[in-house]
Amino acid sequence: MTAGRSRHAQAGYELARRLGTTSRLTYGWRDSDRPASLRTHVARYGPAPAAVPGRTGWLIDVVTEAGLTGRGGAGFPSGVKMRSVARQRGPAVVVANGMESEPASDKDEALLSRAPHLVLDGVALAAAAVGADQVHLALPHDKRWLAAALRHAVTERTHARLDPVPIEVHGLPHGYVSSSESAVISWLNGGEAKPTAVPPRPFERGVDRRPTLISNVETFAHIALIARLGPRWFRRAGLPDAPGSMLTTIGGAVTAPGVHEIEAGTTIGELLELGGADRDASAVLIGGYFGTWSRIADAARLPLAKTALKRIDASPGAGVLLVLPAGTCGVIETARVLAWLASQSAGQCGPCMFGLPAIADDFAQLASCRPQGRVLDRLDRRLGVVTGRGACAHPDGTARLARSALYAFAADVHAHATGRPCLQARRARERGSSARVRMLPIPELAGTRSRP
Ligand SMILES: Cc1cc2nc3c(=O)[nH]c(=O)nc-3n(C[C@H](O)[C@H](O)[C@H](O)COP(=O)(O)O)c2cc1C
Ligand code: SF4
């Protein structure tokens, strides 16, 4: 081994030891809550391998071997996605999705505002690997300070002549469906931030009708570390079928709310311990507002991983766990979220435009304990009608949340449906408080999808 190579190996070994299994993306976050400068970033992680177009194809192999899956919600294998873009003809485009439209998630903002260069290393390397000559970073337009921090980081890199491909930072309308990949691409193409029909998929025809790799910002940060330390290092954390670390946002009835880096596949029980969940709490929302309510007793032993969670029709989504406080009514909370989700429809598909408000209205009747007619039969029918009927996953995600609430809060649902106060309301009354404690965050209905 040459002296240069052995120095490189030693540096890699040192870095791997420092990062461990749950302080990879979050390494150094305790030192400062400001965005790490380029100098600090390089001091933390060392330089990234050079992003040389045409000579970075190895990255697709190592990302595939690492088993990295997308951290934006669907958990699709990132190596497969990169390869399908690289195989297309003509120069490609890379889009980093930092919209974080999930109201209960804070991880993307935390990552971008602490370690912007980790994400930017990842997009530059991915661009070279798939043959892209342009990178776009999509951020919510209402977080101007975040866009300013990222523009500053891009300028630092330009002065250091780090990236062969230009990186452009954009502020997009901040709504739930306007952050889905086809909506982001539509906006970058000069249209409204609304989902469009597929096919074509982004890898076939995306921005400027070119092959497009669109991934979540956390996914790109993992790519930056896999490029430095390799697939075996990545797999030292997590499970064989859910490797690596991931960012989670733990909220609700917990003593340590916020963003935590965990090994993928950590059990939900361990995560509740990590967040300091209230021991009296009995339900948890897994995966966010397209997610699944579950009784803690049913979910505690399950890993936060796609395959394992299928058993309870759940998925990690963007890594969100929300603990319902004891004494808070899950039916009322779900009704509030469903009303918001219905308001987020892009109004393009009938079942979404008419079905979601009808479902939200049924839930509102349930929540108020004043249902009209056979509300549960009606809901069952409506949930069946909207599922699989939208151009995007909005109706399916909304229906999943509603169905899971009917199951997880079955006893309360039954009480509400028969016009009686549920157990939570009675308990709250005994304590002299209200069961209408509002827990789940609902964003202001600001998000216009149009261009400013
Ligand atoms: C309604 C809806 C909203 C979405 N919002 C986001 C988002 O805010 N951020 C994100 O990265 N992905 C979001 N996605 C998923 C994206 O469409 C896309 O799958 C993701 O950016 C791919 O990245 P990944 O492969 O790294 O997971 C959303 C999808 C849907 C259907
Ligand atoms: S399913 Fe709803 S949100 Fe999705 S494209 Fe159709 S109308 Fe828009």
# chains A, B, ... in the order shown; residues from 1 in each chain; ligands from 1
>>> residues_near_ligand(ligand="ligand 1", cutoff="6 Å", atoms="only C-alpha atoms and all ligand atoms", output="list in words")
Gly70, Arg71, Gly72, Gly73, Ala74, Gly75, Phe76, Asn97, Gly98, Met99, Glu100, Ser101, Glu102, Tyr176, Val177, Ser179, Ser180, Glu181, Ile214, Ser215, Asn216, Thr219, Cys392, Ala393 and His394 of chain A
>>> write_last_selection(atoms="N, CA and C atoms", output="PDB file, in the first residue's frame")
ATOM      1  N   GLY A  70     -34.705   5.695   0.031  1.00  0.00           N
ATOM      2  CA  GLY A  70     -35.035   7.114   0.104  1.00  0.00           C
ATOM      3  C   GLY A  70     -35.636   7.473   1.453  1.00  0.00           C
ATOM      4  N   ARG A  71     -35.282   8.644   1.956  1.00  0.00           N
ATOM      5  CA  ARG A  71     -35.775   9.081   3.265  1.00  0.00           C
ATOM      6  C   ARG A  71     -36.912  10.093   3.132  1.00  0.00           C
ATOM      7  N   GLY A  72     -37.509  10.184   1.918  1.00  0.00           N
ATOM      8  CA  GLY A  72     -38.579  11.162   1.699  1.00  0.00           C
ATOM      9  C   GLY A  72     -39.967  10.633   1.991  1.00  0.00           C
ATOM     10  N   GLY A  73     -40.091   9.330   2.277  1.00  0.00           N
ATOM     11  CA  GLY A  73     -41.404   8.803   2.636  1.00  0.00           C
ATOM     12  C   GLY A  73     -41.689   7.428   2.060  1.00  0.00           C
ATOM     13  N   ALA A  74     -41.367   7.211   0.789  1.00  0.00           N
ATOM     14  CA  ALA A  74     -41.760   5.950   0.161  1.00  0.00           C
ATOM     15  C   ALA A  74     -40.723   4.844   0.371  1.00  0.00           C
ATOM     16  N   GLY A  75     -39.496   5.195   0.681  1.00  0.00           N
ATOM     17  CA  GLY A  75     -38.467   4.192   0.979  1.00  0.00           C
ATOM     18  C   GLY A  75     -38.023   3.393  -0.226  1.00  0.00           C
ATOM     19  N   PHE A  76     -37.973   4.029  -1.402  1.00  0.00           N
ATOM     20  CA  PHE A  76     -37.563   3.333  -2.630  1.00  0.00           C
ATOM     21  C   PHE A  76     -36.029   3.217  -2.648  1.00  0.00           C
ATOM     22  N   ASN A  97     -35.161  17.418  -2.733  1.00  0.00           N
ATOM     23  CA  ASN A  97     -36.449  17.827  -2.184  1.00  0.00           C
ATOM     24  C   ASN A  97     -36.295  18.142  -0.686  1.00  0.00           C
ATOM     25  N   GLY A  98     -36.288  19.438  -0.387  1.00  0.00           N
ATOM     26  CA  GLY A  98     -36.162  19.872   1.008  1.00  0.00           C
ATOM     27  C   GLY A  98     -37.426  20.562   1.471  1.00  0.00           C
ATOM     28  N   MET A  99     -38.574  20.192   0.859  1.00  0.00           N
ATOM     29  CA  MET A  99     -39.827  20.902   1.130  1.00  0.00           C
ATOM     30  C   MET A  99     -40.409  20.574   2.507  1.00  0.00           C
ATOM     31  N   GLU A 100     -40.187  19.359   2.941  1.00  0.00           N
ATOM     32  CA  GLU A 100     -40.679  18.909   4.256  1.00  0.00           C
ATOM     33  C   GLU A 100     -42.107  19.400   4.529  1.00  0.00           C
ATOM     34  N   SER A 101     -43.030  18.904   3.721  1.00  0.00           N
ATOM     35  CA  SER A 101     -44.412  19.356   3.884  1.00  0.00           C
ATOM     36  C   SER A 101     -45.127  18.634   5.016  1.00  0.00           C
ATOM     37  N   GLU A 102     -44.527  17.566   5.523  1.00  0.00           N
ATOM     38  CA  GLU A 102     -45.147  16.826   6.624  1.00  0.00           C
ATOM     39  C   GLU A 102     -45.135  17.703   7.884  1.00  0.00           C
ATOM     40  N   TYR A 176     -49.049  20.595   1.184  1.00  0.00           N
ATOM     41  CA  TYR A 176     -48.754  19.162   1.347  1.00  0.00           C
ATOM     42  C   TYR A 176     -48.458  18.513  -0.001  1.00  0.00           C
ATOM     43  N   VAL A 177     -49.399  18.630  -0.937  1.00  0.00           N
ATOM     44  CA  VAL A 177     -49.178  17.914  -2.199  1.00  0.00           C
ATOM     45  C   VAL A 177     -48.208  18.665  -3.125  1.00  0.00           C
ATOM     46  N   SER A 179     -45.393  19.424  -2.509  1.00  0.00           N
ATOM     47  CA  SER A 179     -44.032  18.957  -2.244  1.00  0.00           C
ATOM     48  C   SER A 179     -43.778  17.576  -2.812  1.00  0.00           C
ATOM     49  N   SER A 180     -44.797  16.978  -3.417  1.00  0.00           N
ATOM     50  CA  SER A 180     -44.573  15.664  -4.027  1.00  0.00           C
ATOM     51  C   SER A 180     -43.728  15.859  -5.287  1.00  0.00           C
ATOM     52  N   GLU A 181     -43.085  14.788  -5.721  1.00  0.00           N
ATOM     53  CA  GLU A 181     -42.051  14.974  -6.745  1.00  0.00           C
ATOM     54  C   GLU A 181     -42.587  15.565  -8.049  1.00  0.00           C
ATOM     55  N   ILE A 214     -34.855  12.842  -8.509  1.00  0.00           N
ATOM     56  CA  ILE A 214     -35.355  13.674  -7.403  1.00  0.00           C
ATOM     57  C   ILE A 214     -35.377  12.826  -6.144  1.00  0.00           C
ATOM     58  N   SER A 215     -34.712  13.336  -5.107  1.00  0.00           N
ATOM     59  CA  SER A 215     -34.660  12.622  -3.840  1.00  0.00           C
ATOM     60  C   SER A 215     -34.708  13.615  -2.706  1.00  0.00           C
ATOM     61  N   ASN A 216     -35.004  13.072  -1.551  1.00  0.00           N
ATOM     62  CA  ASN A 216     -35.081  13.869  -0.333  1.00  0.00           C
ATOM     63  C   ASN A 216     -33.664  14.339   0.086  1.00  0.00           C
ATOM     64  N   THR A 219     -31.596  11.852   2.015  1.00  0.00           N
ATOM     65  CA  THR A 219     -31.045  10.784   1.174  1.00  0.00           C
ATOM     66  C   THR A 219     -29.693  11.220   0.600  1.00  0.00           C
ATOM     67  N   CYS A 392     -52.053  11.147  -7.551  1.00  0.00           N
ATOM     68  CA  CYS A 392     -50.928  11.025  -6.612  1.00  0.00           C
ATOM     69  C   CYS A 392     -51.419  10.265  -5.373  1.00  0.00           C
ATOM     70  N   ALA A 393     -50.538  10.121  -4.395  1.00  0.00           N
ATOM     71  CA  ALA A 393     -50.846   9.264  -3.240  1.00  0.00           C
ATOM     72  C   ALA A 393     -51.687   9.967  -2.175  1.00  0.00           C
ATOM     73  N   HIS A 394     -52.185  11.168  -2.474  1.00  0.00           N
ATOM     74  CA  HIS A 394     -52.877  11.932  -1.441  1.00  0.00           C
ATOM     75  C   HIS A 394     -54.131  11.224  -0.905  1.00  0.00           C
TER      76      HIS A 394
END
>>> residues_around(residues="Trp187 in chain A", least_positions_apart="6", cutoff="12 Å", atoms="only C-alpha atoms", output="list in words")
Val95, His136, Ala138, Leu139, His170, Gly171, Leu172, Pro173, His174, Ser178, Ser179, Ser180, Glu181, Ala193, Lys194, Pro195, Thr196, Gly206, Val207, Asp208, Arg449, Ser450, Arg451 and Pro452 of chain A
>>> residues_near_ligand(ligand="ligand 2", cutoff="12 Å", atoms="only C-alpha atoms and all ligand atoms", output="ChimeraX atom specification")
/A:175-183,186,192-198,341-357,386-399,449
>>> atom_distance(atom1="CA of Ser23 in chain A", atom2="CA of Val63 in chain A")
19.5 Å
>>> select_by_dssp(residues="range 186-230 of chain A", states="alpha helix (DSSP H)", output="JSON, numbers by chain")
{"A": [186, 187, 188, 217, 218, 219, 220, 221, 222, 223, 224, 225, 226, 227, 228, 229, 230]}
>>> write_last_selection(atoms="N, CA and C atoms", output="mmCIF file, in the first residue's frame")
data_model
loop_
_atom_site.group_PDB
_atom_site.id
_atom_site.type_symbol
_atom_site.label_atom_id
_atom_site.label_comp_id
_atom_site.auth_asym_id
_atom_site.auth_seq_id
_atom_site.Cartn_x
_atom_site.Cartn_y
_atom_site.Cartn_z
ATOM 1 N N SER A 186 -43.137 20.052 -11.820
ATOM 2 C CA SER A 186 -44.035 20.935 -12.578
ATOM 3 C C SER A 186 -43.666 22.399 -12.298
ATOM 4 N N TRP A 187 -43.408 22.721 -11.040
ATOM 5 C CA TRP A 187 -43.061 24.109 -10.680
ATOM 6 C C TRP A 187 -41.718 24.512 -11.318
ATOM 7 N N LEU A 188 -40.751 23.610 -11.262
ATOM 8 C CA LEU A 188 -39.443 23.937 -11.850
ATOM 9 C C LEU A 188 -39.546 24.117 -13.367
ATOM 10 N N VAL A 217 -33.603 15.477 0.753
ATOM 11 C CA VAL A 217 -32.289 16.018 1.139
ATOM 12 C C VAL A 217 -31.525 15.067 2.070
ATOM 13 N N GLU A 218 -32.253 14.364 2.955
ATOM 14 C CA GLU A 218 -31.540 13.430 3.854
ATOM 15 C C GLU A 218 -30.902 12.301 3.047
ATOM 16 N N THR A 219 -31.596 11.852 2.015
ATOM 17 C CA THR A 219 -31.045 10.784 1.174
ATOM 18 C C THR A 219 -29.693 11.220 0.600
ATOM 19 N N PHE A 220 -29.623 12.479 0.138
ATOM 20 C CA PHE A 220 -28.358 12.963 -0.446
ATOM 21 C C PHE A 220 -27.252 13.048 0.617
ATOM 22 N N ALA A 221 -27.631 13.385 1.852
ATOM 23 C CA ALA A 221 -26.618 13.463 2.915
ATOM 24 C C ALA A 221 -26.032 12.073 3.179
ATOM 25 N N HIS A 222 -26.875 11.042 3.152
ATOM 26 C CA HIS A 222 -26.345 9.676 3.321
ATOM 27 C C HIS A 222 -25.414 9.328 2.157
ATOM 28 N N ILE A 223 -25.796 9.741 0.942
ATOM 29 C CA ILE A 223 -24.952 9.441 -0.220
ATOM 30 C C ILE A 223 -23.564 10.061 -0.018
ATOM 31 N N ALA A 224 -23.529 11.275 0.551
ATOM 32 C CA ALA A 224 -22.235 11.947 0.777
ATOM 33 C C ALA A 224 -21.354 11.131 1.722
ATOM 34 N N LEU A 225 -21.953 10.481 2.710
ATOM 35 C CA LEU A 225 -21.149 9.694 3.652
ATOM 36 C C LEU A 225 -20.803 8.316 3.089
ATOM 37 N N ILE A 226 -21.723 7.734 2.336
ATOM 38 C CA ILE A 226 -21.420 6.436 1.711
ATOM 39 C C ILE A 226 -20.250 6.606 0.734
ATOM 40 N N ALA A 227 -20.238 7.743 0.011
ATOM 41 C CA ALA A 227 -19.133 8.008 -0.931
ATOM 42 C C ALA A 227 -17.802 8.089 -0.174
ATOM 43 N N ARG A 228 -17.817 8.593 1.050
ATOM 44 C CA ARG A 228 -16.570 8.707 1.822
ATOM 45 C C ARG A 228 -16.168 7.376 2.463
ATOM 46 N N LEU A 229 -17.184 6.655 3.012
ATOM 47 C CA LEU A 229 -16.835 5.535 3.899
ATOM 48 C C LEU A 229 -17.283 4.164 3.407
ATOM 49 N N GLY A 230 -18.081 4.133 2.345
ATOM 50 C CA GLY A 230 -18.397 2.860 1.701
ATOM 51 C C GLY A 230 -19.623 2.158 2.258
#
>>> closest_atom_pairs(of="range 59-112 of chain A", to="range 253-261 of chain A", cutoff="10 Å", atoms="only C-alpha atoms", output="Markdown table")
| residue | atom | partner | partner_atom | distance |
| --- | --- | --- | --- | --- |
| A:Ala104 | CA | A:Gly258 | CA | 9.9 |
| A:Ser105 | CA | A:Val259 | CA | 8.3 |
| A:Asp106 | CA | A:Val259 | CA | 6.6 |
| A:Lys107 | CA | A:Val259 | CA | 5.7 |
| A:Asp108 | CA | A:Val259 | CA | 9.4 |
| A:Glu109 | CA | A:Val259 | CA | 9.8 |
| A:Ala110 | CA | A:Val259 | CA | 7.4 |
| A:Leu111 | CA | A:Val259 | CA | 9.2 |
>>> atom_distance(atom1="CA of Val135 in chain A", atom2="CA of Glu168 in chain A")
6.2 Å
>>> closest_residue(among="A:Arg87, A:Arg236, A:Arg151, A:Arg403", to="Glu204 in chain A", atoms="only C-alpha atoms")
A:Arg87
>>> residues_around(residues="Leu162 in chain A", least_positions_apart="6", cutoff="9 Å", atoms="only C-alpha atoms", output="PyMOL selection string")
chain A and resi 50-51+124+156
>>> write_last_selection(atoms="C-alpha atoms", output="compact mmCIF listing (two decimals), in the first residue's frame")
# COMPACT_ATOMS: atom_id res chain seq x y z
CA ALA A 50 -14.08 14.68 -6.21
CA ALA A 51 -17.36 14.85 -8.15
CA ALA A 124 -22.84 17.19 -6.39
CA GLU A 156 -18.75 29.12 -0.30
>>> select_by_dssp(residues="range 223-281 of chain A", states="strand (DSSP E)", output="VMD selection string")
chain A and resid 238 to 239 242 to 243 245 to 252 258 to 263
>>> write_last_selection(atoms="C-alpha atoms", output="compact mmCIF listing (two decimals), in the first residue's frame")
# COMPACT_ATOMS: atom_id res chain seq x y z
CA GLY A 238 -29.50 -0.72 11.10
CA LEU A 239 -30.92 -4.06 9.98
CA ALA A 242 -33.21 -1.55 6.65
CA PRO A 243 -29.57 -0.50 6.80
CA SER A 245 -29.06 5.45 10.29
CA MET A 246 -32.07 7.72 9.80
CA LEU A 247 -33.41 10.97 11.17
CA THR A 248 -36.66 10.79 13.11
CA THR A 249 -38.88 13.45 14.61
CA ILE A 250 -40.43 12.37 17.90
CA GLY A 251 -43.22 14.54 19.26
CA GLY A 252 -46.41 14.70 21.28
CA GLY A 258 -37.30 16.84 18.38
CA VAL A 259 -35.02 15.31 15.79
CA HIS A 260 -33.02 12.23 16.75
CA GLU A 261 -30.65 10.18 14.59
CA ILE A 262 -31.33 6.49 15.15
CA GLU A 263 -30.31 3.18 13.62
>>> residues_around(residues="Pro91 in chain A", least_positions_apart="3", cutoff="9 Å", atoms="only C-alpha atoms", output="ChimeraX atom specification")
/A:86,88,130-134,210-211
>>> residues_around(residues="Gly244 in chain A", least_positions_apart="5", cutoff="6 Å", atoms="only C-alpha atoms", output="ChimeraX atom specification")
/A:234-235,237-238,264
>>> write_last_selection(atoms="C-alpha atoms", output="PDB file, in the first residue's frame")
ATOM      1  CA  PHE A 234     -23.166   2.201   6.134  1.00  0.00           C
ATOM      2  CA  ARG A 235     -24.501  -1.268   6.975  1.00  0.00           C
ATOM      3  CA  ALA A 237     -25.938   0.518  11.541  1.00  0.00           C
ATOM      4  CA  GLY A 238     -29.498  -0.719  11.104  1.00  0.00           C
ATOM      5  CA  ALA A 264     -32.932   2.218  11.038  1.00  0.00           C
TER       6      ALA A 264
END
>>> atom_distance(atom1="CA of Arg83 in chain A", atom2="CA of Gly191 in chain A")
27.5 Å
>>> closest_residue(among="A:Ile359, A:Met82, A:Leu150, A:Val165", to="Pro53 in chain A", atoms="only C-alpha atoms")
A:Val165
>>> closest_residue(among="A:Ala299, A:Ala335, A:Ile286, A:Leu406", to="Leu322 in chain A", atoms="only C-alpha atoms")
A:Ile286
>>> decode(residues="range 338-406 of chain A", atoms="C-alpha atoms", output="short mmCIF file (atom, residue, chain, number, x, y, z; two decimals), in the first residue's frame")
data_model
loop_
_atom_site.label_atom_id
_atom_site.label_comp_id
_atom_site.auth_asym_id
_atom_site.auth_seq_id
_atom_site.Cartn_x
_atom_site.Cartn_y
_atom_site.Cartn_z
CA LEU A 338 -58.39 14.96 7.98
CA ALA A 339 -59.98 18.39 7.54
CA TRP A 340 -56.53 19.83 6.83
CA LEU A 341 -55.58 17.01 4.46
CA ALA A 342 -58.86 17.50 2.55
CA SER A 343 -58.03 21.20 2.21
CA GLN A 344 -54.70 20.26 0.62
CA SER A 345 -56.20 18.45 -2.40
CA ALA A 346 -54.98 19.96 -5.63
CA GLY A 347 -58.56 19.67 -6.90
CA GLN A 348 -57.68 17.75 -10.04
CA CYS A 349 -59.13 14.28 -9.40
CA GLY A 350 -62.81 13.79 -8.50
CA PRO A 351 -62.39 11.19 -5.73
CA CYS A 352 -59.80 13.41 -4.05
CA MET A 353 -61.61 16.72 -4.57
CA PHE A 354 -65.05 15.45 -3.38
CA GLY A 355 -64.20 12.27 -1.48
CA LEU A 356 -61.71 13.71 1.02
CA PRO A 357 -63.97 16.55 2.24
CA ALA A 358 -66.82 14.02 2.61
CA ILE A 359 -64.59 11.74 4.70
CA ALA A 360 -63.40 14.72 6.76
CA ASP A 361 -67.03 15.73 7.31
CA ASP A 362 -67.97 12.21 8.49
CA PHE A 363 -65.08 12.33 10.95
CA ALA A 364 -66.12 15.79 12.14
CA GLN A 365 -69.61 14.39 12.86
CA LEU A 366 -68.03 11.49 14.75
CA ALA A 367 -65.77 13.84 16.70
CA SER A 368 -68.73 15.97 17.76
CA CYS A 369 -70.66 12.87 18.92
CA ARG A 370 -73.54 14.02 16.68
CA PRO A 371 -73.36 11.73 13.67
CA GLN A 372 -76.05 11.83 10.99
CA GLY A 373 -77.29 8.44 9.77
CA ARG A 374 -75.02 5.40 9.70
CA VAL A 375 -71.73 7.27 9.75
CA LEU A 376 -69.45 4.23 10.11
CA ASP A 377 -71.01 2.41 7.14
CA ARG A 378 -70.76 5.60 5.10
CA LEU A 379 -67.11 6.07 6.04
CA ASP A 380 -66.28 2.49 5.19
CA ARG A 381 -67.78 2.94 1.73
CA ARG A 382 -66.12 6.30 1.11
CA LEU A 383 -62.68 5.12 2.22
CA GLY A 384 -62.97 2.24 -0.25
CA VAL A 385 -64.03 4.56 -3.08
CA VAL A 386 -61.11 7.03 -2.81
CA THR A 387 -58.33 4.48 -2.34
CA GLY A 388 -56.16 4.07 -5.44
CA ARG A 389 -58.15 6.69 -7.33
CA GLY A 390 -55.89 9.76 -7.36
CA ALA A 391 -53.13 10.81 -9.71
CA CYS A 392 -50.93 11.02 -6.61
CA ALA A 393 -50.85 9.26 -3.24
CA HIS A 394 -52.88 11.93 -1.44
CA PRO A 395 -56.21 10.07 -1.25
CA ASP A 396 -54.48 6.78 -0.29
CA GLY A 397 -52.46 8.40 2.48
CA THR A 398 -55.51 10.23 3.83
CA ALA A 399 -57.63 7.06 3.76
CA ARG A 400 -54.88 5.11 5.55
CA LEU A 401 -54.85 7.60 8.41
CA ALA A 402 -58.66 7.54 8.72
CA ARG A 403 -58.86 3.74 8.65
CA SER A 404 -56.13 3.35 11.24
CA ALA A 405 -57.95 5.73 13.59
CA LEU A 406 -61.17 3.70 13.28
#
